[in-house]
>>> print(open('run.pdb').read())   # PDB, N, CA and C atoms and all ligand atoms
ATOM      1  N   MET D  32      82.107 132.465   3.479
ATOM      2  CA  MET D  32      83.531 132.133   3.416
ATOM      3  C   MET D  32      84.311 133.426   3.240
ATOM      4  N   THR D  33      85.372 133.546   3.984
ATOM      5  CA  THR D  33      86.182 134.761   3.936
ATOM      6  C   THR D  33      87.444 134.526   3.117
ATOM      7  N   ALA D  34      88.020 135.613   2.635
ATOM      8  CA  ALA D  34      89.243 135.523   1.850
ATOM      9  C   ALA D  34      90.481 135.452   2.736
ATOM     10  N   ASP D  35      90.306 135.773   4.016
ATOM     11  CA  ASP D  35      91.450 135.743   4.929
ATOM     12  C   ASP D  35      91.845 134.306   5.223
ATOM     13  N   PRO D  36      93.145 134.041   5.310
ATOM     14  CA  PRO D  36      93.586 132.677   5.639
ATOM     15  C   PRO D  36      93.221 132.329   7.070
ATOM     16  N   SER D  37      92.994 131.056   7.322
ATOM     17  CA  SER D  37      92.675 130.622   8.682
ATOM     18  C   SER D  37      93.968 130.333   9.433
ATOM     19  N   PHE D  38      93.877 130.255  10.746
ATOM     20  CA  PHE D  38      95.062 129.953  11.554
ATOM     21  C   PHE D  38      95.570 128.550  11.271
ATOM     22  N   ALA D  39      94.696 127.670  10.809
ATOM     23  CA  ALA D  39      95.110 126.290  10.541
ATOM     24  C   ALA D  39      96.140 126.220   9.421
ATOM     25  N   GLU D  40      96.226 127.279   8.612
ATOM     26  CA  GLU D  40      97.164 127.267   7.496
ATOM     27  C   GLU D  40      98.569 127.730   7.880
ATOM     28  N   TYR D  41      98.729 128.248   9.093
ATOM     29  CA  TYR D  41     100.039 128.704   9.544
ATOM     30  C   TYR D  41     100.871 127.537  10.042
ATOM     31  N   LYS D  42     102.169 127.594   9.773
ATOM     32  CA  LYS D  42     103.079 126.600  10.345
ATOM     33  C   LYS D  42     103.434 127.079  11.754
ATOM     34  N   PRO D  43     103.522 126.178  12.708
ATOM     35  CA  PRO D  43     103.808 126.605  14.083
ATOM     36  C   PRO D  43     105.225 127.148  14.229
ATOM     37  N   VAL D  44     105.365 128.079  15.167
ATOM     38  CA  VAL D  44     106.680 128.628  15.497
ATOM     39  C   VAL D  44     107.406 127.582  16.330
ATOM     40  N   PRO D  45     108.682 127.332  16.054
ATOM     41  CA  PRO D  45     109.420 126.342  16.840
ATOM     42  C   PRO D  45     109.393 126.667  18.328
ATOM     43  N   ARG D  46     109.093 125.670  19.158
ATOM     44  CA  ARG D  46     109.020 125.870  20.606
ATOM     45  C   ARG D  46     110.259 125.352  21.320
ATOM     46  N   VAL D  47     111.246 124.912  20.592
ATOM     47  CA  VAL D  47     112.487 124.436  21.202
ATOM     48  C   VAL D  47     113.601 125.371  20.758
ATOM     49  N   PRO D  48     113.688 126.519  21.398
ATOM     50  CA  PRO D  48     114.695 127.501  20.997
ATOM     51  C   PRO D  48     116.087 127.113  21.470
ATOM     52  N   LYS D  49     117.079 127.815  20.973
ATOM     53  CA  LYS D  49     118.460 127.553  21.392
ATOM     54  C   LYS D  49     118.678 127.999  22.825
ATOM     55  N   LYS D  50     117.953 129.034  23.255
ATOM     56  CA  LYS D  50     118.116 129.547  24.610
ATOM     57  C   LYS D  50     116.943 129.071  25.465
ATOM     58  N   PRO D  51     117.224 128.499  26.626
ATOM     59  CA  PRO D  51     116.133 128.059  27.504
ATOM     60  C   PRO D  51     115.383 129.252  28.085
ATOM     61  N   ALA D  52     114.188 128.982  28.613
ATOM     62  CA  ALA D  52     113.362 130.041  29.193
ATOM     63  C   ALA D  52     114.019 130.622  30.443
ATOM     64  N   ASP D  53     113.674 131.870  30.738
ATOM     65  CA  ASP D  53     114.140 132.546  31.942
ATOM     66  C   ASP D  53     112.999 132.612  32.948
ATOM     67  N   TYR D  54     113.296 132.333  34.183
ATOM     68  CA  TYR D  54     112.335 132.438  35.279
ATOM     69  C   TYR D  54     112.849 133.481  36.256
ATOM     70  N   GLU D  55     111.917 134.267  36.795
ATOM     71  CA  GLU D  55     112.315 135.303  37.738
ATOM     72  C   GLU D  55     111.134 135.647  38.628
ATOM     73  N   ALA D  56     111.400 136.043  39.866
ATOM     74  CA  ALA D  56     110.358 136.508  40.779
ATOM     75  C   ALA D  56     110.850 137.768  41.463
ATOM     76  N   SER D  57     109.906 138.642  41.796
ATOM     77  CA  SER D  57     110.249 139.813  42.597
ATOM     78  C   SER D  57     109.212 139.933  43.703
ATOM     79  N   CYS D  58     109.665 140.428  44.834
ATOM     80  CA  CYS D  58     108.803 140.555  46.001
ATOM     81  C   CYS D  58     107.985 141.843  45.869
ATOM     82  N   VAL D  59     106.664 141.712  45.964
ATOM     83  CA  VAL D  59     105.785 142.885  45.856
ATOM     84  C   VAL D  59     105.047 143.145  47.172
ATOM     85  N   THR D  60     105.583 142.591  48.245
ATOM     86  CA  THR D  60     104.989 142.825  49.562
ATOM     87  C   THR D  60     105.138 144.304  49.922
ATOM     88  N   GLU D  61     104.051 144.898  50.378
ATOM     89  CA  GLU D  61     104.107 146.306  50.797
ATOM     90  C   GLU D  61     104.811 146.380  52.139
ATOM     91  N   VAL D  62     105.856 147.196  52.204
ATOM     92  CA  VAL D  62     106.654 147.282  53.425
ATOM     93  C   VAL D  62     106.468 148.612  54.159
ATOM     94  N   SER D  63     105.989 149.643  53.451
ATOM     95  CA  SER D  63     105.737 150.929  54.101
ATOM     96  C   SER D  63     104.866 151.780  53.181
ATOM     97  N   GLU D  64     104.603 152.978  53.630
ATOM     98  CA  GLU D  64     103.791 153.902  52.840
ATOM     99  C   GLU D  64     104.445 155.272  52.891
ATOM    100  N   LEU D  65     104.465 155.946  51.760
ATOM    101  CA  LEU D  65     105.061 157.272  51.698
ATOM    102  C   LEU D  65     104.137 158.169  50.870
ATOM    103  N   LEU D  66     103.667 159.229  51.475
ATOM    104  CA  LEU D  66     102.776 160.186  50.804
ATOM    105  C   LEU D  66     101.559 159.484  50.198
ATOM    106  N   GLY D  67     101.051 158.488  50.892
ATOM    107  CA  GLY D  67      99.861 157.783  50.437
ATOM    108  C   GLY D  67     100.137 156.700  49.419
ATOM    109  N   LEU D  68     101.397 156.494  49.063
ATOM    110  CA  LEU D  68     101.742 155.456  48.086
ATOM    111  C   LEU D  68     102.375 154.268  48.792
ATOM    112  N   ALA D  69     101.985 153.064  48.375
ATOM    113  CA  ALA D  69     102.550 151.855  48.963
ATOM    114  C   ALA D  69     103.975 151.659  48.452
ATOM    115  N   ILE D  70     104.888 151.393  49.365
ATOM    116  CA  ILE D  70     106.271 151.102  48.999
ATOM    117  C   ILE D  70     106.452 149.587  49.091
ATOM    118  N   LYS D  71     106.911 148.989  48.000
ATOM    119  CA  LYS D  71     107.073 147.538  47.949
ATOM    120  C   LYS D  71     108.529 147.149  48.154
ATOM    121  N   CYS D  72     108.735 145.932  48.605
ATOM    122  CA  CYS D  72     110.073 145.412  48.890
ATOM    123  C   CYS D  72     110.947 145.424  47.616
ATOM    124  N   GLU D  73     110.440 144.841  46.544
ATOM    125  CA  GLU D  73     111.085 144.821  45.224
ATOM    126  C   GLU D  73     112.387 144.037  45.145
ATOM    127  N   LYS D  74     112.689 143.185  46.124
ATOM    128  CA  LYS D  74     113.862 142.305  45.994
ATOM    129  C   LYS D  74     113.587 141.319  44.860
ATOM    130  N   SER D  75     114.618 140.967  44.124
ATOM    131  CA  SER D  75     114.456 140.080  42.971
ATOM    132  C   SER D  75     115.260 138.801  43.139
ATOM    133  N   SER D  76     114.736 137.730  42.589
ATOM    134  CA  SER D  76     115.443 136.447  42.620
ATOM    135  C   SER D  76     116.589 136.428  41.629
ATOM    136  N   GLY D  77     116.564 137.345  40.668
ATOM    137  CA  GLY D  77     117.488 137.252  39.553
ATOM    138  C   GLY D  77     116.929 136.261  38.545
ATOM    139  N   THR D  78     117.621 136.050  37.473
ATOM    140  CA  THR D  78     117.155 135.168  36.403
ATOM    141  C   THR D  78     117.718 133.766  36.593
ATOM    142  N   TRP D  79     116.798 132.783  36.470
ATOM    143  CA  TRP D  79     117.170 131.380  36.636
ATOM    144  C   TRP D  79     116.658 130.582  35.448
ATOM    145  N   GLN D  80     117.226 129.396  35.274
ATOM    146  CA  GLN D  80     116.836 128.529  34.151
ATOM    147  C   GLN D  80     115.739 127.550  34.515
ATOM    148  N   THR D  81     115.355 127.493  35.791
ATOM    149  CA  THR D  81     114.277 126.591  36.215
ATOM    150  C   THR D  81     113.324 127.331  37.149
ATOM    151  N   ALA D  82     112.060 126.907  37.142
ATOM    152  CA  ALA D  82     111.072 127.491  38.052
ATOM    153  C   ALA D  82     111.387 127.101  39.492
ATOM    154  N   HIS D  83     111.963 125.924  39.673
ATOM    155  CA  HIS D  83     112.265 125.445  41.032
ATOM    156  C   HIS D  83     113.229 126.389  41.750
ATOM    157  N   ALA D  84     114.235 126.871  41.070
ATOM    158  CA  ALA D  84     115.207 127.780  41.693
ATOM    159  C   ALA D  84     114.517 129.045  42.190
ATOM    160  N   VAL D  85     113.542 129.531  41.425
ATOM    161  CA  VAL D  85     112.798 130.728  41.827
ATOM    162  C   VAL D  85     111.919 130.411  43.040
ATOM    163  N   ASP D  86     111.290 129.226  43.044
ATOM    164  CA  ASP D  86     110.470 128.816  44.196
ATOM    165  C   ASP D  86     111.321 128.731  45.465
ATOM    166  N   VAL D  87     112.523 128.208  45.339
ATOM    167  CA  VAL D  87     113.431 128.106  46.494
ATOM    168  C   VAL D  87     113.800 129.503  46.992
ATOM    169  N   TRP D  88     114.069 130.432  46.059
ATOM    170  CA  TRP D  88     114.412 131.806  46.458
ATOM    171  C   TRP D  88     113.231 132.438  47.200
ATOM    172  N   MET D  89     112.005 132.259  46.690
ATOM    173  CA  MET D  89     110.832 132.853  47.349
ATOM    174  C   MET D  89     110.648 132.276  48.752
ATOM    175  N   ALA D  90     110.813 130.968  48.893
ATOM    176  CA  ALA D  90     110.664 130.340  50.212
ATOM    177  C   ALA D  90     111.702 130.889  51.178
ATOM    178  N   ASP D  91     112.928 131.060  50.700
ATOM    179  CA  ASP D  91     113.995 131.587  51.548
ATOM    180  C   ASP D  91     113.725 133.045  51.915
ATOM    181  N   HIS D  92     113.271 133.838  50.958
ATOM    182  CA  HIS D  92     112.977 135.257  51.225
ATOM    183  C   HIS D  92     111.825 135.381  52.228
ATOM    184  N   THR D  93     110.819 134.531  52.088
ATOM    185  CA  THR D  93     109.699 134.543  53.036
ATOM    186  C   THR D  93     110.180 134.165  54.429
ATOM    187  N   LYS D  94     111.045 133.165  54.507
ATOM    188  CA  LYS D  94     111.561 132.717  55.805
ATOM    189  C   LYS D  94     112.351 133.837  56.486
ATOM    190  N   LYS D  95     113.141 134.587  55.704
ATOM    191  CA  LYS D  95     114.000 135.628  56.278
ATOM    192  C   LYS D  95     113.247 136.917  56.598
ATOM    193  N   THR D  96     112.187 137.229  55.810
ATOM    194  CA  THR D  96     111.554 138.545  55.937
ATOM    195  C   THR D  96     110.093 138.499  56.377
ATOM    196  N   GLY D  97     109.427 137.358  56.152
ATOM    197  CA  GLY D  97     107.993 137.286  56.413
ATOM    198  C   GLY D  97     107.171 137.789  55.234
ATOM    199  N   HIS D  98     107.836 138.218  54.177
ATOM    200  CA  HIS D  98     107.130 138.709  52.985
ATOM    201  C   HIS D  98     106.514 137.523  52.239
ATOM    202  N   THR D  99     105.296 137.726  51.706
ATOM    203  CA  THR D  99     104.604 136.588  51.090
ATOM    204  C   THR D  99     104.038 136.866  49.698
ATOM    205  N   ARG D 100     104.146 138.094  49.208
ATOM    206  CA  ARG D 100     103.550 138.399  47.901
ATOM    207  C   ARG D 100     104.663 138.583  46.855
ATOM    208  N   TYR D 101     104.519 137.846  45.746
ATOM    209  CA  TYR D 101     105.547 137.870  44.705
ATOM    210  C   TYR D 101     104.923 138.031  43.329
ATOM    211  N   ARG D 102     105.720 138.536  42.428
ATOM    212  CA  ARG D 102     105.352 138.560  41.014
ATOM    213  C   ARG D 102     106.323 137.621  40.320
ATOM    214  N   ARG D 103     105.780 136.539  39.728
ATOM    215  CA  ARG D 103     106.636 135.593  39.016
ATOM    216  C   ARG D 103     106.504 135.836  37.523
ATOM    217  N   ALA D 104     107.608 135.672  36.814
ATOM    218  CA  ALA D 104     107.596 135.896  35.371
ATOM    219  C   ALA D 104     108.365 134.788  34.669
ATOM    220  N   LEU D 105     107.859 134.420  33.507
ATOM    221  CA  LEU D 105     108.519 133.436  32.648
ATOM    222  C   LEU D 105     108.695 134.082  31.284
ATOM    223  N   ALA D 106     109.892 134.082  30.791
ATOM    224  CA  ALA D 106     110.155 134.590  29.445
ATOM    225  C   ALA D 106     110.737 133.456  28.626
ATOM    226  N   ASP D 107     110.059 133.094  27.535
ATOM    227  CA  ASP D 107     110.619 132.067  26.676
ATOM    228  C   ASP D 107     111.031 132.699  25.358
ATOM    229  N   PHE D 108     111.820 131.978  24.624
ATOM    230  CA  PHE D 108     112.395 132.506  23.402
ATOM    231  C   PHE D 108     111.938 131.659  22.221
ATOM    232  N   VAL D 109     111.524 132.317  21.171
ATOM    233  CA  VAL D 109     111.115 131.608  19.965
ATOM    234  C   VAL D 109     111.823 132.236  18.773
ATOM    235  N   ASP D 110     111.907 131.476  17.712
ATOM    236  CA  ASP D 110     112.512 131.962  16.485
ATOM    237  C   ASP D 110     111.411 132.096  15.446
ATOM    238  N   SER D 111     110.916 133.297  15.254
ATOM    239  CA  SER D 111     109.817 133.492  14.315
ATOM    240  C   SER D 111     110.292 133.460  12.864
ATOM    241  N   GLY D 112     111.581 133.371  12.654
ATOM    242  CA  GLY D 112     112.099 133.321  11.291
ATOM    243  C   GLY D 112     111.654 132.084  10.546
ATOM    244  N   ALA D 113     111.307 131.011  11.258
ATOM    245  CA  ALA D 113     110.864 129.777  10.621
ATOM    246  C   ALA D 113     109.361 129.765  10.369
ATOM    247  N   ALA D 114     108.646 130.732  10.941
ATOM    248  CA  ALA D 114     107.197 130.776  10.746
ATOM    249  C   ALA D 114     106.885 131.332   9.366
ATOM    250  N   GLU D 115     105.957 130.699   8.696
ATOM    251  CA  GLU D 115     105.572 131.153   7.367
ATOM    252  C   GLU D 115     104.075 131.394   7.328
ATOM    253  N   ALA D 116     103.699 132.560   6.867
ATOM    254  CA  ALA D 116     102.279 132.853   6.689
ATOM    255  C   ALA D 116     101.849 132.306   5.325
ATOM    256  N   PRO D 117     100.661 131.771   5.241
ATOM    257  CA  PRO D 117     100.191 131.252   3.956
ATOM    258  C   PRO D 117      99.945 132.401   2.970
ATOM    259  N   ALA D 118      99.979 132.074   1.705
ATOM    260  CA  ALA D 118      99.703 133.087   0.682
ATOM    261  C   ALA D 118      98.261 133.542   0.817
ATOM    262  N   ARG D 119      98.045 134.814   0.668
ATOM    263  CA  ARG D 119      96.711 135.375   0.806
ATOM    264  C   ARG D 119      95.900 135.006  -0.461
ATOM    265  N   SER D 120      94.731 134.468  -0.251
ATOM    266  CA  SER D 120      93.927 134.090  -1.413
ATOM    267  C   SER D 120      93.135 135.290  -1.931
ATOM    268  N   ALA D 121      92.831 135.292  -3.160
ATOM    269  CA  ALA D 121      92.085 136.404  -3.769
ATOM    270  C   ALA D 121      90.641 136.351  -3.325
ATOM    271  N   PRO D 122      90.042 137.521  -3.137
ATOM    272  CA  PRO D 122      88.637 137.548  -2.707
ATOM    273  C   PRO D 122      87.690 137.011  -3.755
TER     274      PRO D 122
HETATM  275 ZN    ZN K 201     110.440 141.117  50.195
END
>>> encode(input="run.pdb", output="C-alpha cells", more="lines below")
Ligand SMILES: [Zn+2]
Amino acid sequence: MTADPSFAEYKPVPRVPKKPADYEASCVTEVSELLGLAIKCEKSSGTWQTAHAVDVWMADHTKKTGHTRYRRALADFVDSGAAEAPARSAP
C-alpha cells in the first residue's frame, strides 16, 4: 500500500464550461518544395463552435483546390478551480 492518494479520491473537473469548445482545421497538403523542404497550403478554417462547420469548410476547400490532407484540432475549456486534490496521507 502506498501513501500517495489514488485517482479515485480526486473530484472530477467540471466538463460543462462557460465557453464551448473550439474546432479548427488547417490544410497540410504539400503544394510545392523549396530547398528540399515541403511547402504546405496552410489555409485555415478559422475557429468554429461545431465540428460540422469545420467538416463543411474542408469539403469546400477540397472541392476548390483538390487538397485532401488536413490537421483538425479541438480545444475545450475546463475550470480547474473546482478540482480538489485529496489530503495527502502520512506514510
Ligand atoms: Zn489547401
>>> atom_distance(input="run.pdb", atom1="atom CA of Val85 of chain D", atom2="atom C of Glu61 of chain D")
20.4 Å
>>> residues_near_ligand(input="run.pdb", ligand="ligand ZN 201 (chain K)", cutoff="7 Å", atoms="only N, CA and C atoms and all ligand atoms", output="list in words")
Ser57, Cys58, Val59, Thr60, Lys71, Cys72, Glu73, Lys74, His92, Thr93, Thr96, Gly97, His98 and Thr99 of chain D
>>> write_last_selection(input="run.pdb", atoms="N, CA and C atoms", output="PDB file, in the coordinates of the input")
ATOM      1  N   SER D  57     109.906 138.642  41.796  1.00  0.00           N
ATOM      2  CA  SER D  57     110.249 139.813  42.597  1.00  0.00           C
ATOM      3  C   SER D  57     109.212 139.933  43.703  1.00  0.00           C
ATOM      4  N   CYS D  58     109.665 140.428  44.834  1.00  0.00           N
ATOM      5  CA  CYS D  58     108.803 140.555  46.001  1.00  0.00           C
ATOM      6  C   CYS D  58     107.985 141.843  45.869  1.00  0.00           C
ATOM      7  N   VAL D  59     106.664 141.712  45.964  1.00  0.00           N
ATOM      8  CA  VAL D  59     105.785 142.885  45.856  1.00  0.00           C
ATOM      9  C   VAL D  59     105.047 143.145  47.172  1.00  0.00           C
ATOM     10  N   THR D  60     105.583 142.591  48.245  1.00  0.00           N
ATOM     11  CA  THR D  60     104.989 142.825  49.562  1.00  0.00           C
ATOM     12  C   THR D  60     105.138 144.304  49.922  1.00  0.00           C
ATOM     13  N   LYS D  71     106.911 148.989  48.000  1.00  0.00           N
ATOM     14  CA  LYS D  71     107.073 147.538  47.949  1.00  0.00           C
ATOM     15  C   LYS D  71     108.529 147.149  48.154  1.00  0.00           C
ATOM     16  N   CYS D  72     108.735 145.932  48.605  1.00  0.00           N
ATOM     17  CA  CYS D  72     110.073 145.412  48.890  1.00  0.00           C
ATOM     18  C   CYS D  72     110.947 145.424  47.616  1.00  0.00           C
ATOM     19  N   GLU D  73     110.440 144.841  46.544  1.00  0.00           N
ATOM     20  CA  GLU D  73     111.085 144.821  45.224  1.00  0.00           C
ATOM     21  C   GLU D  73     112.387 144.037  45.145  1.00  0.00           C
ATOM     22  N   LYS D  74     112.689 143.185  46.124  1.00  0.00           N
ATOM     23  CA  LYS D  74     113.862 142.305  45.994  1.00  0.00           C
ATOM     24  C   LYS D  74     113.587 141.319  44.860  1.00  0.00           C
ATOM     25  N   HIS D  92     113.271 133.838  50.958  1.00  0.00           N
ATOM     26  CA  HIS D  92     112.977 135.257  51.225  1.00  0.00           C
ATOM     27  C   HIS D  92     111.825 135.381  52.228  1.00  0.00           C
ATOM     28  N   THR D  93     110.819 134.531  52.088  1.00  0.00           N
ATOM     29  CA  THR D  93     109.699 134.543  53.036  1.00  0.00           C
ATOM     30  C   THR D  93     110.180 134.165  54.429  1.00  0.00           C
ATOM     31  N   THR D  96     112.187 137.229  55.810  1.00  0.00           N
ATOM     32  CA  THR D  96     111.554 138.545  55.937  1.00  0.00           C
ATOM     33  C   THR D  96     110.093 138.499  56.377  1.00  0.00           C
ATOM     34  N   GLY D  97     109.427 137.358  56.152  1.00  0.00           N
ATOM     35  CA  GLY D  97     107.993 137.286  56.413  1.00  0.00           C
ATOM     36  C   GLY D  97     107.171 137.789  55.234  1.00  0.00           C
ATOM     37  N   HIS D  98     107.836 138.218  54.177  1.00  0.00           N
ATOM     38  CA  HIS D  98     107.130 138.709  52.985  1.00  0.00           C
ATOM     39  C   HIS D  98     106.514 137.523  52.239  1.00  0.00           C
ATOM     40  N   THR D  99     105.296 137.726  51.706  1.00  0.00           N
ATOM     41  CA  THR D  99     104.604 136.588  51.090  1.00  0.00           C
ATOM     42  C   THR D  99     104.038 136.866  49.698  1.00  0.00           C
TER      43      THR D  99
END
>>> atom_distance(input="run.pdb", atom1="atom CA of Phe38 of chain D", atom2="atom C of Arg119 of chain D")
13.1 Å
>>> resolve_selection(input="run.pdb", expression="the PyMOL selection byres (((chain D and resi 103-111) around 5) and not hetatm)", output="ChimeraX atom specification")
/D:52-56,101-102,112-114
>>> axis_aligned_box(input="run.pdb", around="segment 99-109 of chain D", padding_each_side="6 Å", output="AutoDock Vina command-line options")
--center_x 108.0 --center_y 135.1 --center_z 35.2 --size_x 20.8 --size_y 19.0 --size_z 44.9
>>> resolve_selection(input="run.pdb", expression="the PyMOL selection byres (((chain D and resi 80) around 7) and not hetatm)", output="mmCIF file with N, CA and C atoms, in the coordinates of the input")
data_model
loop_
_atom_site.group_PDB
_atom_site.id
_atom_site.type_symbol
_atom_site.label_atom_id
_atom_site.label_comp_id
_atom_site.auth_asym_id
_atom_site.auth_seq_id
_atom_site.Cartn_x
_atom_site.Cartn_y
_atom_site.Cartn_z
ATOM 1 N N PRO D 51 117.224 128.499 26.626
ATOM 2 C CA PRO D 51 116.133 128.059 27.504
ATOM 3 C C PRO D 51 115.383 129.252 28.085
ATOM 4 N N ALA D 52 114.188 128.982 28.613
ATOM 5 C CA ALA D 52 113.362 130.041 29.193
ATOM 6 C C ALA D 52 114.019 130.622 30.443
ATOM 7 N N ASP D 53 113.674 131.870 30.738
ATOM 8 C CA ASP D 53 114.140 132.546 31.942
ATOM 9 C C ASP D 53 112.999 132.612 32.948
ATOM 10 N N TYR D 54 113.296 132.333 34.183
ATOM 11 C CA TYR D 54 112.335 132.438 35.279
ATOM 12 C C TYR D 54 112.849 133.481 36.256
ATOM 13 N N THR D 78 117.621 136.050 37.473
ATOM 14 C CA THR D 78 117.155 135.168 36.403
ATOM 15 C C THR D 78 117.718 133.766 36.593
ATOM 16 N N TRP D 79 116.798 132.783 36.470
ATOM 17 C CA TRP D 79 117.170 131.380 36.636
ATOM 18 C C TRP D 79 116.658 130.582 35.448
ATOM 19 N N THR D 81 115.355 127.493 35.791
ATOM 20 C CA THR D 81 114.277 126.591 36.215
ATOM 21 C C THR D 81 113.324 127.331 37.149
ATOM 22 N N ALA D 82 112.060 126.907 37.142
ATOM 23 C CA ALA D 82 111.072 127.491 38.052
ATOM 24 C C ALA D 82 111.387 127.101 39.492
ATOM 25 N N HIS D 83 111.963 125.924 39.673
ATOM 26 C CA HIS D 83 112.265 125.445 41.032
ATOM 27 C C HIS D 83 113.229 126.389 41.750
ATOM 28 N N ALA D 84 114.235 126.871 41.070
ATOM 29 C CA ALA D 84 115.207 127.780 41.693
ATOM 30 C C ALA D 84 114.517 129.045 42.190
#
>>> atom_distance(input="run.pdb", atom1="atom C of Trp88 of chain D", atom2="atom CA of Arg100 of chain D")
11.4 Å
